[in-house]
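Only one structure is covered here, and it is reproduced in the block below.
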Amino acid sequence: MPKTKRARSNGHSNGETQHINRIPRDNDTGVENLDKVRDILFGSQLRDNERRFGRLEEQVAKETGEVRDEVRKRLESLEAFVRKEVQSIIDRVKGEQAQRTESLREIAQELKETVKSFQQRATELQDQATETHREIRQEILEQSKSLRDELTAARLETAGQIQQSADELQSAKVDKAAMVDLFTEMASRLSAE
């Protein structure tokens, strides 16, 4: 914020105050000069604030993209892991079923009760595989929801930070407007004297 000097008490003033004394009393010219004074006093800060907002927007976009990419990578990794595990379980169950079937063919006549017992075991294994598949799927859904919640929380936090920065900048802007009003009032008083 630029520093201003006060007029001396003996009636003499520095260059800035003299410039304000030279402002014509015509309304249009006064407003024009006031706009020039505002631009001189606050123009660089407004441009600086615009650059800061631009950097904040770029940072938010970059971080959001990074979070999105990270979530996508994690989901892809998790999906690949689950597919591999499910395929492994299916292959294992199929292998066990094939072994049992072969054993049952060899001793089918002699071990009918054993065949019945193995069939029940195969059904149980299928149920377990189905239950395991359901549990894994539920776990994927929960992790997906958790990652989605984390992404939403990150977005909300970033939006809150942007809003807080905007509020701070707006507060600083209001303080500058009060200074402009004070300078205008001082100029009109000095002009009246």
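By order in the structure tokens, chains are A, B, ...; within a chain, residues start at 1; ligands start at 1, following the order shown.
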Exercise for review: Please provide as a ChimeraX atom specification all residues within 8 Å of range 65-68 of chain A, with the sequence filter that same-chain residues fewer than 4 positions apart are discarded (counting only C-alpha atoms).
Suggested key: /A:61,72,151
Using only C-alpha atoms, I'd like a table of the residues in range 30-76 of chain A that come within 10 Å of range 154-158 of chain A; for each, show the closest atom pair and its distance in Å rounded to one decimal, ordered by chain and ascending number, as JSON lines.
```
{"residue": "A:Leu56", "atom": "CA", "partner": "A:Thr158", "partner_atom": "CA", "distance": 9.6}
{"residue": "A:Glu57", "atom": "CA", "partner": "A:Thr158", "partner_atom": "CA", "distance": 10.0}
{"residue": "A:Gln59", "atom": "CA", "partner": "A:Thr158", "partner_atom": "CA", "distance": 9.5}
{"residue": "A:Val60", "atom": "CA", "partner": "A:Thr158", "partner_atom": "CA", "distance": 6.7}
{"residue": "A:Ala61", "atom": "CA", "partner": "A:Thr158", "partner_atom": "CA", "distance": 9.9}
{"residue": "A:Glu63", "atom": "CA", "partner": "A:Thr158", "partner_atom": "CA", "distance": 8.9}
{"residue": "A:Thr64", "atom": "CA", "partner": "A:Arg155", "partner_atom": "CA", "distance": 7.1}
{"residue": "A:Val67", "atom": "CA", "partner": "A:Ala154", "partner_atom": "CA", "distance": 8.3}
```
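Nearest residue to Glu124 in chain A, choosing from A:Val93, A:Leu169, A:Leu75, A:Val180 and counting only C-alpha atoms: A:Val93.
The two atoms in question, CA of Ser117 in chain A and CA of His133 in chain A, are spaced 24.1 Å apart.
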Review point. Neighbours of Thr123 in chain A within 12 Å (only C-alpha atoms; same-chain residues fewer than 4 positions away dropped), as a list in words?
Key: Val93, Lys94, Glu96, Gln97, Lys116, Ser117, Phe118, Gln119, Asp127, Gln128, Ala129 and Thr130 of chain A
Review point. From the list A:Arg189, A:Leu147, A:Glu168, A:Ile162, which residue is nearest Arg55 in chain A when using only C-alpha atoms?
Key: A:Ile162
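Among A:Gln163, A:Ser88, A:Ser144, A:Gln170, the residue with the shortest atom-to-atom distance to Lys73 in chain A, counting only C-alpha atoms, is A:Ser144.
Closest approach to Lys84 in chain A among A:Ile136, A:Val37, A:Leu125, A:Leu46: A:Ile136, based on only C-alpha atoms.
Nearest to Leu182 in chain A of all the residues A:Leu34, A:Ala98, A:Ala80, A:Ile107 is A:Leu34, based on only C-alpha atoms.
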